[in-house]
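Content type mmCIF, C-alpha atoms and all ligand atoms, from the file model-v1.cif:
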data_start
#
loop_
_atom_site.label_atom_id
_atom_site.label_comp_id
_atom_site.auth_asym_id
_atom_site.auth_seq_id
_atom_site.Cartn_x
_atom_site.Cartn_y
_atom_site.Cartn_z
CA MET A 18 -193.73 112.94 154.59
CA ASN A 19 -193.85 113.77 158.28
CA LYS A 20 -196.14 110.86 159.19
CA ASN A 21 -196.18 108.05 161.74
CA ILE A 22 -196.09 104.65 160.10
CA LEU A 23 -196.52 101.52 162.17
CA LEU A 24 -195.05 98.51 160.38
CA CYS A 25 -196.40 95.13 161.53
CA VAL A 26 -194.07 92.34 160.46
CA SER A 27 -195.27 88.74 160.46
CA GLY A 28 -193.20 85.62 159.88
CA GLY A 29 -192.53 84.94 156.23
CA ILE A 30 -189.38 84.69 154.20
CA ALA A 31 -189.97 88.29 153.02
CA VAL A 32 -189.19 89.74 156.48
CA TYR A 33 -185.76 90.78 155.15
CA LYS A 34 -187.55 93.03 152.63
CA ALA A 35 -189.43 94.70 155.48
CA VAL A 36 -186.06 95.94 156.78
CA ALA A 37 -185.49 97.65 153.43
CA LEU A 38 -189.03 99.02 153.63
CA VAL A 39 -188.27 100.69 156.98
CA SER A 40 -185.18 102.21 155.43
CA LYS A 41 -187.10 103.54 152.38
CA LEU A 42 -189.94 104.94 154.50
CA SER A 43 -187.46 106.64 156.86
CA GLN A 44 -185.57 108.12 153.91
CA ALA A 45 -188.91 109.48 152.67
CA GLY A 46 -189.25 111.32 155.99
CA ALA A 47 -191.63 108.97 157.82
CA ASN A 48 -191.34 108.17 161.50
CA VAL A 49 -191.46 104.36 161.62
CA LYS A 50 -192.15 102.02 164.53
CA VAL A 51 -192.12 98.24 164.16
CA ILE A 52 -194.00 95.39 165.82
CA MET A 53 -192.91 91.82 165.08
CA THR A 54 -194.57 88.46 165.64
CA ALA A 55 -192.60 85.68 167.31
CA SER A 56 -192.29 83.95 163.92
CA ALA A 57 -190.95 87.12 162.27
CA ARG A 58 -188.16 87.14 164.86
CA GLN A 59 -187.09 83.70 163.61
CA PHE A 60 -186.19 85.31 160.29
CA VAL A 61 -184.60 88.65 161.25
CA ASN A 62 -183.30 89.92 164.57
CA PRO A 63 -185.34 92.89 165.93
CA LEU A 64 -182.05 94.81 166.17
CA SER A 65 -182.07 95.33 162.38
CA PHE A 66 -185.47 97.04 162.61
CA GLN A 67 -184.39 99.02 165.67
CA VAL A 68 -181.33 100.36 163.88
CA MET A 69 -183.23 101.19 160.67
CA SER A 70 -186.19 102.84 162.41
CA LYS A 71 -184.21 104.42 165.29
CA ASN A 72 -187.07 103.33 167.52
CA ASP A 73 -187.69 100.47 169.95
CA VAL A 74 -189.15 97.35 168.37
CA TYR A 75 -192.26 95.86 169.99
CA PHE A 76 -193.24 92.20 170.18
CA ASP A 77 -194.56 91.38 173.64
CA THR A 78 -198.08 92.63 174.50
CA PHE A 79 -197.33 92.30 178.20
CA ASP A 80 -193.98 94.06 178.20
CA GLU A 81 -195.22 97.46 179.38
CA LYS A 82 -192.08 99.62 179.42
CA ASP A 83 -193.85 102.93 180.01
CA SER A 84 -196.25 102.75 182.98
CA SER A 85 -198.10 105.90 181.87
CA VAL A 86 -199.55 104.18 178.76
CA ILE A 87 -200.69 100.77 177.53
CA ALA A 88 -198.27 100.05 174.70
CA HIS A 89 -200.61 98.51 172.11
CA ILE A 90 -203.24 101.27 172.57
CA ASP A 91 -200.55 103.92 172.46
CA LEU A 92 -199.15 102.51 169.19
CA ALA A 93 -202.66 102.10 167.73
CA ASP A 94 -203.37 105.80 168.44
CA TRP A 95 -199.90 106.99 167.39
CA ALA A 96 -200.07 105.61 163.83
CA ASP A 97 -201.26 107.66 160.86
CA LEU A 98 -201.07 104.50 158.77
CA ILE A 99 -200.44 100.85 159.61
CA LEU A 100 -198.76 98.49 157.15
CA VAL A 101 -198.87 94.74 157.68
CA ALA A 102 -195.89 93.67 155.58
CA PRO A 103 -195.20 90.90 154.99
CA ALA A 104 -198.62 89.55 155.96
CA THR A 105 -198.59 85.78 156.44
CA ALA A 106 -201.56 83.53 155.69
CA ASN A 107 -201.75 83.06 159.46
CA ILE A 108 -202.04 86.74 160.37
CA ILE A 109 -204.53 87.31 157.53
CA GLY A 110 -206.66 84.50 159.00
CA LYS A 111 -206.44 86.00 162.48
CA MET A 112 -207.32 89.50 161.26
CA ALA A 113 -210.29 88.21 159.26
CA ASN A 114 -211.65 86.57 162.41
CA GLY A 115 -210.98 89.31 164.93
CA ILE A 116 -208.41 87.28 166.85
CA ALA A 117 -206.13 89.30 169.13
CA ASP A 118 -203.58 86.92 170.63
CA ASP A 119 -200.34 88.81 170.03
CA MET A 120 -199.07 92.40 169.97
CA ILE A 121 -199.84 92.95 166.25
CA THR A 122 -203.36 91.55 166.13
CA THR A 123 -204.27 93.28 169.41
CA THR A 124 -203.00 96.64 168.12
CA LEU A 125 -204.84 96.18 164.81
CA LEU A 126 -208.17 95.81 166.61
CA ALA A 127 -207.45 98.89 168.70
CA THR A 128 -206.63 101.28 165.87
CA THR A 129 -208.80 103.62 163.84
CA ALA A 130 -205.95 104.39 161.41
CA PRO A 131 -206.08 102.99 157.87
CA VAL A 132 -204.51 99.53 157.65
CA TRP A 133 -202.85 98.25 154.49
CA ILE A 134 -202.06 94.57 154.12
CA ALA A 135 -199.22 93.30 151.92
CA PRO A 136 -199.60 89.51 151.68
CA ALA A 137 -196.55 87.37 150.87
CA MET A 138 -196.61 83.61 150.70
CA ASN A 139 -196.26 80.51 148.57
CA VAL A 140 -198.49 80.65 145.47
CA HIS A 141 -200.57 77.65 146.56
CA MET A 142 -201.13 79.20 149.98
CA TYR A 143 -202.25 82.42 148.29
CA ASP A 144 -204.66 80.49 146.06
CA HIS A 145 -206.06 78.41 148.94
CA PRO A 146 -209.85 78.89 149.33
CA ALA A 147 -209.43 79.64 153.06
CA VAL A 148 -206.92 82.42 152.37
CA LYS A 149 -209.10 83.80 149.56
CA ARG A 150 -212.12 83.76 151.87
CA ASN A 151 -210.17 85.64 154.55
CA LEU A 152 -208.89 88.22 152.04
CA ASP A 153 -212.45 88.78 150.74
CA ARG A 154 -213.69 89.28 154.26
CA LEU A 155 -210.94 91.79 155.04
CA SER A 156 -211.66 93.61 151.78
CA ALA A 157 -215.35 93.85 152.79
CA ASP A 158 -214.20 95.19 156.19
CA GLY A 159 -212.47 98.06 154.36
CA TYR A 160 -208.81 97.00 154.50
CA LYS A 161 -206.65 98.02 151.58
CA PHE A 162 -204.23 95.57 149.96
CA ILE A 163 -200.84 95.90 148.42
CA GLU A 164 -201.10 92.89 146.17
CA PRO A 165 -198.18 90.49 145.94
CA SER A 166 -196.40 90.52 142.62
CA GLU A 167 -195.63 87.53 140.41
CA GLY A 168 -192.18 86.03 140.04
CA PHE A 169 -189.73 83.57 141.54
CA LEU A 170 -190.69 82.65 145.09
CA ALA A 171 -188.27 81.56 147.78
CA CYS A 172 -190.07 78.20 147.98
CA GLY A 173 -188.94 77.45 144.42
CA TYR A 174 -192.30 78.07 142.74
CA VAL A 175 -192.96 80.77 140.19
CA GLY A 176 -196.21 82.64 140.73
CA LYS A 177 -198.03 85.28 142.71
CA GLY A 178 -196.85 85.66 146.27
CA ARG A 179 -193.82 87.96 146.35
CA LEU A 180 -194.00 90.92 148.69
CA GLU A 181 -194.26 94.08 146.61
CA GLU A 182 -190.94 95.94 146.34
CA PRO A 183 -190.17 98.39 149.22
CA GLU A 184 -189.75 101.28 146.72
CA LYS A 185 -193.22 100.66 145.30
CA ILE A 186 -194.83 100.41 148.76
CA THR A 187 -193.10 103.63 149.82
CA ALA A 188 -194.35 105.38 146.65
CA LEU A 189 -197.94 104.24 147.41
CA VAL A 190 -197.63 105.58 150.97
CA GLN A 191 -196.27 108.91 149.69
CA ASP A 192 -199.10 109.21 147.15
CA PHE A 193 -201.62 108.47 149.89
CA PHE A 194 -200.36 111.25 152.16
CA SER A 195 -199.90 113.75 149.34
CA GLY A 196 -203.61 113.28 148.56
CA LYS A 197 -202.74 112.20 145.04
CA THR A 198 -205.65 110.08 143.85
CA THR A 199 -205.05 107.22 141.50
CA PRO A 200 -207.19 107.03 138.32
CA LEU A 201 -209.52 104.32 139.63
CA THR A 202 -209.91 105.59 143.20
CA ASP A 203 -213.55 105.12 144.31
CA LYS A 204 -214.30 102.86 141.32
CA THR A 205 -215.42 99.25 141.54
CA VAL A 206 -214.10 96.83 138.95
CA ILE A 207 -215.50 93.32 138.54
CA VAL A 208 -213.19 90.90 136.74
CA THR A 209 -214.00 87.40 135.54
CA ALA A 210 -210.83 85.35 135.05
CA GLY A 211 -209.79 81.82 134.14
CA ALA A 212 -212.36 79.26 132.99
CA LEU A 213 -216.05 79.49 133.88
CA HIS A 214 -217.49 75.98 133.67
CA VAL A 215 -220.95 74.62 132.96
CA PRO A 216 -222.09 71.53 134.91
CA LEU A 217 -223.07 68.54 132.76
CA ASP A 218 -224.37 66.41 135.63
CA GLU A 219 -223.64 65.89 139.35
CA GLN A 220 -220.09 64.69 138.74
CA HIS A 221 -219.00 66.36 135.51
CA VAL A 222 -218.46 69.82 134.17
CA ILE A 223 -217.55 71.14 130.75
CA SER A 224 -214.79 73.65 131.02
CA PRO A 225 -212.76 75.56 128.46
CA GLN A 226 -209.00 75.92 128.81
CA ALA A 227 -207.80 79.21 130.24
CA ASN A 228 -204.98 79.97 132.66
CA GLY A 229 -206.53 83.22 133.93
CA ALA A 230 -203.30 85.19 133.43
CA ILE A 231 -204.91 88.07 131.57
CA GLY A 232 -207.89 88.42 133.94
CA ARG A 233 -205.64 88.31 137.01
CA ALA A 234 -203.25 90.87 135.51
CA LEU A 235 -206.18 93.20 134.77
CA ALA A 236 -207.46 92.78 138.35
CA HIS A 237 -203.98 93.39 139.82
CA GLU A 238 -203.45 96.51 137.73
CA ALA A 239 -206.91 97.86 138.66
CA ARG A 240 -206.00 97.47 142.35
CA MET A 241 -202.74 99.28 141.75
CA LEU A 242 -204.75 102.11 140.17
CA GLY A 243 -206.82 102.37 143.34
CA ALA A 244 -209.96 100.41 142.39
CA HIS A 245 -212.03 98.20 144.64
CA VAL A 246 -211.75 94.92 142.72
CA ILE A 247 -214.05 91.91 142.81
CA GLU A 248 -212.67 88.79 141.12
CA ILE A 249 -214.77 85.90 139.87
CA GLU A 250 -212.40 83.12 138.89
CA ASN A 251 -212.81 79.48 137.81
CA SER A 252 -216.40 79.41 138.96
CA ASN A 253 -219.58 77.67 137.85
CA LEU A 254 -220.92 79.94 135.08
CA PHE A 255 -224.47 79.88 136.51
CA ASP A 256 -223.14 81.02 139.92
CA ALA A 257 -220.99 83.68 138.24
CA ILE A 258 -224.01 85.08 136.40
CA GLN A 259 -226.01 85.19 139.63
CA GLN A 260 -223.19 86.95 141.47
CA LEU A 261 -222.80 89.39 138.61
CA GLU A 262 -226.48 90.32 138.66
CA ALA A 263 -226.25 90.97 142.42
CA TYR A 264 -223.09 93.09 141.96
CA LYS A 265 -224.80 95.12 139.20
CA ILE A 266 -227.44 96.16 141.74
CA GLN A 267 -224.90 96.74 144.50
CA TYR A 268 -222.40 98.64 142.30
CA PRO A 269 -224.34 100.17 139.37
CA GLN A 270 -221.29 102.27 138.35
CA ALA A 271 -218.93 99.28 138.24
CA ILE A 272 -216.78 98.40 135.25
CA LEU A 273 -217.01 94.73 134.27
CA ILE A 274 -214.02 93.08 132.63
CA HIS A 275 -215.28 89.77 131.33
CA ALA A 276 -211.93 88.12 130.63
CA ALA A 277 -212.83 84.55 131.63
CA ASN A 278 -213.29 81.88 128.99
CA VAL A 279 -216.67 80.12 128.74
CA PRO A 280 -217.50 76.82 127.03
CA THR A 281 -218.76 77.13 123.45
CA ILE A 282 -221.67 74.71 123.75
CA LYS A 283 -225.36 75.39 123.33
CA GLU A 284 -226.09 74.84 127.06
CA THR A 285 -223.84 77.79 127.89
CA PRO A 286 -225.89 80.60 129.42
CA ILE A 287 -225.11 84.05 128.07
CA ILE A 288 -223.78 86.73 130.39
CA SER A 289 -225.72 89.99 130.31
CA VAL A 290 -223.69 93.20 130.23
CA GLU A 291 -226.83 95.31 130.03
CA GLY A 292 -226.83 98.26 132.43
CA ILE A 293 -223.09 98.02 133.15
CA LYS A 294 -219.93 99.35 131.51
CA ALA A 295 -218.30 96.22 130.17
CA ILE A 296 -215.15 95.17 128.38
CA THR A 297 -215.50 91.72 126.86
CA PHE A 298 -213.01 89.42 125.20
CA GLY A 299 -214.67 88.38 121.97
CA GLN A 300 -217.51 86.57 123.74
CA LYS A 301 -221.18 86.42 122.98
CA VAL A 302 -222.99 88.55 125.55
CA GLN A 303 -226.40 90.11 125.97
CA GLY A 304 -226.14 93.87 125.52
CA THR A 305 -223.44 96.04 124.00
CA PRO A 306 -220.04 96.15 125.69
CA MET A 307 -218.15 99.43 125.88
CA LEU A 308 -215.19 97.65 124.29
CA ASN A 309 -214.84 94.22 122.71
CA ILE A 310 -211.34 92.81 122.42
CA LEU A 311 -210.65 90.21 119.76
CA SER A 312 -207.92 87.62 119.57
CA GLU A 313 -207.14 84.96 117.01
CA ARG A 314 -207.41 82.14 119.50
CA TRP A 315 -208.28 82.37 123.18
CA ILE A 316 -206.68 85.39 124.80
CA ASP A 317 -204.56 83.45 127.31
CA PHE A 318 -202.96 81.48 124.54
CA SER A 319 -202.89 83.86 121.61
CA GLU A 320 -199.97 86.13 121.09
CA LYS A 321 -201.87 89.27 120.28
CA ALA A 322 -205.24 90.84 120.81
CA GLN A 323 -207.00 93.39 118.67
CA LEU A 324 -208.18 96.52 120.40
CA ASN A 325 -210.21 98.75 118.10
CA GLY A 326 -208.16 97.73 115.09
CA GLN A 327 -204.83 97.96 116.91
CA PHE A 328 -202.86 94.81 117.77
CA LEU A 329 -201.42 94.41 121.28
CA ALA A 330 -199.11 91.65 122.49
CA THR A 331 -200.60 89.51 125.27
CA ILE A 332 -197.45 87.50 125.91
CA ASN A 333 -196.70 89.82 128.85
CA PRO A 334 -200.03 89.97 130.75
CA GLN A 335 -198.86 92.82 133.02
CA LEU A 336 -197.89 95.04 130.09
CA PHE A 337 -201.12 94.17 128.29
CA ALA A 338 -203.13 95.04 131.43
CA GLN A 339 -201.32 98.38 131.85
CA THR A 340 -201.95 99.28 128.18
CA LEU A 341 -205.60 98.27 128.33
CA TRP A 342 -206.27 100.21 131.54
CA SER A 343 -204.65 103.37 130.21
CA TYR A 344 -206.88 102.98 127.13
CA ILE A 345 -210.02 102.50 129.26
CA ILE A 346 -209.13 105.41 131.57
CA LYS A 347 -208.56 107.71 128.58
CA GLY A 348 -211.98 106.69 127.24
CA GLU A 349 -213.60 107.29 130.65
CA GLU A 350 -212.15 110.80 130.81
CA GLN A 351 -213.61 111.84 127.46
C1 LIG B 1 -188.73 79.02 156.02
C2 LIG B 1 -190.16 79.44 156.24
C3 LIG B 1 -190.72 80.37 155.40
C4 LIG B 1 -192.06 80.77 155.55
N1 LIG B 1 -192.57 81.69 154.71
C5 LIG B 1 -193.88 82.04 154.83
C6 LIG B 1 -194.42 83.00 153.95
O1 LIG B 1 -193.75 83.56 153.08
N2 LIG B 1 -195.73 83.33 154.10
C7 LIG B 1 -196.52 82.74 155.07
O2 LIG B 1 -197.71 83.05 155.11
N3 LIG B 1 -196.00 81.84 155.93
C8 LIG B 1 -194.71 81.49 155.84
N4 LIG B 1 -194.18 80.56 156.72
C9 LIG B 1 -195.05 79.99 157.75
C10 LIG B 1 -195.24 80.95 158.91
O3 LIG B 1 -194.00 81.32 159.48
C11 LIG B 1 -196.14 80.31 159.96
O4 LIG B 1 -197.44 80.10 159.42
C12 LIG B 1 -196.23 81.12 161.24
O5 LIG B 1 -197.12 80.47 162.14
C13 LIG B 1 -196.71 82.54 160.98
O6 LIG B 1 -196.81 83.23 162.21
P1 LIG B 1 -197.17 84.78 162.29
O7 LIG B 1 -198.29 85.04 161.34
O8 LIG B 1 -197.58 84.97 163.72
O9 LIG B 1 -195.95 85.57 161.99
C14 LIG B 1 -192.85 80.18 156.59
C15 LIG B 1 -192.26 79.26 157.46
C16 LIG B 1 -190.94 78.89 157.28
C17 LIG B 1 -190.34 77.89 158.23
#
Let me see the structure of the file written as structure tokens.
Ligand SMILES: Cc1cc2nc3c(=O)[nH]c(=O)nc-3n(C[C@H](O)[C@H](O)[C@H](O)COP(=O)(O)O)c2cc1C
Amino acid sequence: MNKNILLCVSGGIAVYKAVALVSKLSQAGANVKVIMTASARQFVNPLSFQVMSKNDVYFDTFDEKDSSVIAHIDLADWADLILVAPATANIIGKMANGIADDMITTTLLATTAPVWIAPAMNVHMYDHPAVKRNLDRLSADGYKFIEPSEGFLACGYVGKGRLEEPEKITALVQDFFSGKTTPLTDKTVIVTAGALHVPLDEQHVISPQANGAIGRALAHEARMLGAHVIEIENSNLFDAIQQLEAYKIQYPQAILIHAANVPTIKETPIISVEGIKAITFGQKVQGTPMLNILSERWIDFSEKAQLNGQFLATINPQLFAQTLWSYIIKGEEQ
């Protein structure tokens, strides 16, 4: 992989993993340069990145070492690919709003190279509506994401927020440059997850129980397989239906995974899957889904789901999502 990778490191606990990422990318033959934010330098000394990359490390926009170029423009033009890893909630917010007040954000506005963002943060930060809004905006602007994985976080919580492993990021970069397309490249996948509620009055809603684990795992896996993913989670069911109808027009070839739970009351509006390829989870819908998955109780809480007569364990959402996607992709190829 004889490519120029610019690694932009912002200030989260996962900065130490970015050092390993430089090492893995260099071993894979990439030429790596690193820019760090001031906060990132609180976690790891730039010297570690300098040694691993065998290149100078950049952090000051106004430190112009070479008078023949402007450093941030030079780096922006030099890169074949830019990785922002780890990406803090702060840098995601700045990128989503076009702010350029440090070396990284200035370089990111000046580049025409593809930019991949690998968020890493506390699970509650990642779930915050402001962060979600910023991620959605960046997704609409064409940025690609390396989704954080789930697991033990340094802050003591268990959940989504861990920077993806350096080996996995390196493999994604290698696949990108080798032109290897992933099975869902160029596909749009819409996933409903968690509990979709129905308002009873101004102050009250009726909501089923659902932890959203299966829907989120299916969305995560779809992203890993290269899809453009739209998630509708824990929303008002009427709003979700409206959004869905708009997405059907915008993305007529999309695959809908309706994995969210809906209340089983007579006021519950029925989702229409007409005109879209849909996978539903044992729910009443208008139209015929491509695949309907049954479970004894609700999917988040049941231990197995039935897929065309075959039982699959749902206790490990990631494994379930991988199995289901390989099943869907096989069906799509036929
Ligand atoms: C110990 C510690 C760990 C932190 N970890 C994270 C993190 O993982 N993700 C994150 O978004 N912010 C984290 N922060 C907060 C950021 O460092 C802070 O928002 C900072 O302003 C980010 O600046 P930057 O985006 O310019 O690097 C952490 C702060 C501390 C003190």
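The shortest atom-to-atom distance to ligand LIG 1 (chain B), with all atoms listed in the file taken into account, belongs to A:Lys111 out of A:Lys34, A:Lys283, A:Lys111, A:Lys50.
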With all atoms listed in the file as the basis for distance, which of A:Leu126, A:Ala37, A:Ala45, A:Ala171 is at the shortest distance from ligand LIG 1 (chain B)?
->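 Closest candidate: A:Ala171.
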For each of A:Glu250, A:Glu349, A:Glu262, A:Glu313, take the minimum atom-to-atom distance to Lys294 of chain A, counting only C-alpha atoms, then give the residue where this is smallest.
->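 Of the candidates, the smallest distance to Lys294 of chain A is held by A:Glu349.
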List all protein, DNA and RNA residues that have at least one atom no more than 10 Å from any atom of ligand LIG 1 (chain B), counting all atoms listed in the file, and write them as JSON, numbers by chain.
-> {"A": [25, 26, 27, 28, 29, 30, 31, 32, 53, 54, 55, 56, 57, 58, 59, 60, 103, 104, 105, 106, 107, 108, 109, 110, 111, 118, 119, 120, 121, 122, 136, 137, 138, 139, 140, 142, 143, 148, 170, 171, 172, 178, 179, 180]}
At what distance in Å, to one decimal, does atom CA of Glu182 of chain A lie from atom CA of Ser65 of chain A?
-> 18.3 Å
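Each of A:Ile87, A:Val246, A:Ala35, A:Ile231 was compared to Lys161 of chain A using only C-alpha atoms, and A:Val246 turns out to be the nearest.
If you measure from each of A:Ser40, A:Ser70, A:Gln303, A:Thr205 to Tyr264 of chain A using all atoms listed in the file, the closest one turns out to be A:Thr205.
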For Val74 of chain A, which of A:Pro183, A:Thr340, A:Val39, A:Pro200 is the closest residue, counting all atoms listed in the file?
->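 That would be A:Val39, the residue with the smallest distance to Val74 of chain A.
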Would you mind reading off the distance between atom CA of Pro225 of chain A and atom CA of Pro306 of chain A, one decimal, in Å?
->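 These two atoms are separated by 22.0 Å.
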Neighbour list for Phe255 of chain A as a ChimeraX atom specification, cut-off 12 Å, all atoms listed in the file, skip fewer than 6 positions in-chain | /A:213-216,222,249,261-262,279,284-289
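Neighbours of Ile134 of chain A closer than or equal to 6 Å, with all atoms listed in the file counted and sequence neighbours fewer than 4 positions away skipped, come out as Leu100, Val101, Phe162 and Ile163 of chain A.
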